[in-house]
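Student: Below you will find the structure I want to go over with you.
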Amino acid sequence: MEFLLGGASSMCAVLFTNPFDVLKTRQQLEGELIAKQNLKERSYKGIRQSLITVVRTDGLRGLQKGLPAALMYQFSMNGVRLGTYQTAENLGWTKSQSHPSMTPLLSLFWGGCAGLASATASCPFYVVKTQLQAVTAGSYTARYQHHHTGTLSAFRNIYQQSGVRGLFRGYTATLARLIVGSSAQMSSFSACKEFFLRYEVFQDSIVLTALASSTVAGFLTSILMSPCDVVTTRMTNQAVSATGKGLLYSNIFDCFVKIYRSEGIHGYYKGFVPMYLRVAPHTMLNLTFWEFFKGLHERYVKQSP
């Protein structure tokens with residue numbers, strides 16, 4: 001049940017945050033491996049201009065590009081991630097009774113383990129989501145666009161071109177992204193929730209406690225995850241050879257080095273604002289829905305004969 005509740009809460013959240021994910025993806029791909037001073041024209045500079053560009057080139061529907069794949073990605077990723085972490089928490093593995101100082105480390109560890117499991121389960125959906133979100137009727141300086149006609153078409157095209165390997169393109173980057181993000185998010189969320197409950201800041205309100213805790217978790221997650229997020233987007237969207245090998249980046253380390261050499265530290269934080277505007281409310285909505293659904297389930301179990 002923990003896995004189902006985690007997936008359902010995440011799907012509810014992504015309905016509201018997918019537009020920011022589209023903006024983030026476009027900004028991360030614009031000017032790929034081009035130094036900032038050499039990038040003369042930018043169609044996706046800032047939230048306002050990015051929003052206007054998407055609406056002008058792709059219409060209002062463009063803000064929800066890749067939504068079916070995003071829903072599948074969130075269900076598989078957060079269903080496994082939140083379910084794994086909740087299971088560990090239910091079993092008492094995230095807290096140390098004998099050494100309370102170890103509790104934050106245990107939360108980080110199990111958050112990372114949850115990220116590892118979720119990366120494996122969700123990687124194919126992330127690849128499809130990213131490639132669909134990058135496609136636009138307008139022109140911008142992304143290195144490559146995969147012109148899939150839809151979600152099923154994307155899965156079919158990727159598999160026919162590169163096999164199962166294509167569906168796991170950028171897996172190492174996805175792994176790093178989710179391990180870092182999950183560790184930061186889950187440990188900070190648990191620590192904040194415990195603090196607010198201990199001091200009865202919100203008078204035991206499940207929703208307010210979850211909102212406040214997830215606000216802090218979303219901020220920390222955005223700061224720590226951004227470099228890995230940029231690398232994951234670049235690796236999953238790159239063009240491939242006839243054998244399915246990436247033509248721009250050979251591995252995660254190669255991608256990190258090439259971004260730094262061409263774009264500097266700034267390159268690792270491209271699309272940071274829309275990423276934060278996506279991650280922060282998504283974290284708030286996701287973990288708040290999660291706490292709400294868990295509360296409903298607990299009441300149902302107590303009332304059942």
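Chain labels follow the order of the structure tokens: the first chain is A, the next B, and so on; residue numbering restarts at 1 in every chain, and ligands are counted from 1 in their shown order.
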Residues near His282 (chain A), anyone? I mean within 8 Å using only C-alpha atoms, not counting same-chain ones fewer than 4 positions away, as a short mmCIF file (atom, residue, chain, number, x, y, z; two decimals) with C-alpha atoms, in the first residue's frame.
Tutor:
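Final output, saved to out.cif:
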```cif
data_model
loop_
_atom_site.label_atom_id
_atom_site.label_comp_id
_atom_site.auth_asym_id
_atom_site.auth_seq_id
_atom_site.Cartn_x
_atom_site.Cartn_y
_atom_site.Cartn_z
CA SER A 10 3.08 12.07 -7.06
CA ALA A 13 1.34 16.74 -7.88
CA VAL A 14 2.72 16.53 -11.44
CA PHE A 16 0.26 21.16 -11.47
CA THR A 17 4.06 21.20 -11.90
CA GLY A 218 12.15 21.36 -1.79
CA ARG A 278 8.77 22.80 -10.13
CA ASN A 286 3.65 15.34 -3.44
#
```
Student: I'd like the contact shell of region 94-108 of chain A - 10 Å cut-off, only C-alpha atoms, skipping same-chain residues fewer than 2 positions apart - returned as an NGL selection string.
Tutor: :A and (85-92 or 110-114 or 179-180 or 182-191)
Student: Could you save the residues just selected, with C-alpha atoms, as a compact mmCIF listing (two decimals), in the first residue's frame?
Tutor:
```
# COMPACT_ATOMS: atom_id res chain seq x y z
CA TYR A 85 11.48 4.88 2.37
CA GLN A 86 8.16 4.43 4.17
CA THR A 87 8.78 0.70 4.48
CA ALA A 88 12.20 1.38 6.00
CA GLU A 89 10.62 3.92 8.35
CA ASN A 90 7.86 1.48 9.36
CA LEU A 91 10.48 -1.13 10.18
CA GLY A 92 12.39 1.37 12.31
CA TRP A 110 17.65 5.02 3.26
CA GLY A 111 16.73 8.07 1.20
CA GLY A 112 19.65 7.21 -1.09
CA CYS A 113 18.61 3.54 -1.26
CA ALA A 114 15.08 4.63 -2.18
CA ILE A 179 20.21 9.46 -4.99
CA VAL A 180 21.24 13.07 -4.26
CA SER A 182 16.06 11.63 -2.59
CA SER A 183 18.62 11.73 0.23
CA ALA A 184 18.24 15.49 0.62
CA GLN A 185 14.47 15.50 0.27
CA MET A 186 13.53 12.59 2.48
CA SER A 187 16.01 13.27 5.29
CA SER A 188 15.19 16.99 5.49
CA PHE A 189 11.45 16.32 5.23
CA SER A 190 11.56 13.74 8.04
CA ALA A 191 13.71 15.96 10.26
```
Student: Name the residues of region 154-222 of chain A that fall into helix (DSSP H, G or I) according to DSSP on the backbone, using the chain letters and numbers of this document, as a PyMOL selection string.
Tutor: chain A and resi 154-162+164-167+171-198+206-222
Student: Would you pick out the contacts of Lys24 (chain A) at 6 Å or less, using only C-alpha atoms, so that residues sharing its chain but fewer than 3 positions from it are not included, and give the list as a list in words?
Tutor: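 Using only C-alpha atoms, the neighbours found are Asp21, Gln27, Gly271, Pro274 and Met275 of chain A.
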Student: Please provide the set of residues having any atom within 12 Å of region 74-77 of chain A, restricted to only C-alpha atoms, with same-chain residues fewer than 3 positions apart removed, written as a PyMOL selection string.
Tutor: chain A and resi 3-15+17-18+66-71+80-84+114-126+129+174-175+178-179+182+282-283+286
Student: Which polymer residues have any atom within 7 Å of an atom of region 256-263 of chain A, counting only C-alpha atoms, with same-chain residues fewer than 6 positions away left out, as JSON, numbers by chain?
Tutor: {"A": [33, 34, 35, 36, 231]}
Student: As an exercise, work out the distance from CA of Ala137 (chain A) to CA of Thr57 (chain A) in Å and give it to one decimal place.
Tutor: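 One can read the CA of Ala137 (chain A) to CA of Thr57 (chain A) distance as 5.6 Å.
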Student: Would you work out the distance separating CA of Ile206 (chain A) from CA of Phe292 (chain A), expressed in Å to one decimal?
Tutor: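 According to the coordinates, CA of Ile206 (chain A) and CA of Phe292 (chain A) are separated by 7.0 Å.
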Student: Excluding Gly244 (chain A) and any residue of its chain fewer than 4 positions from it, enumerate the residues within 7 Å of it, using only C-alpha atoms, and give them as number ranges by chain.
Tutor: A: 161-162, 166, 240
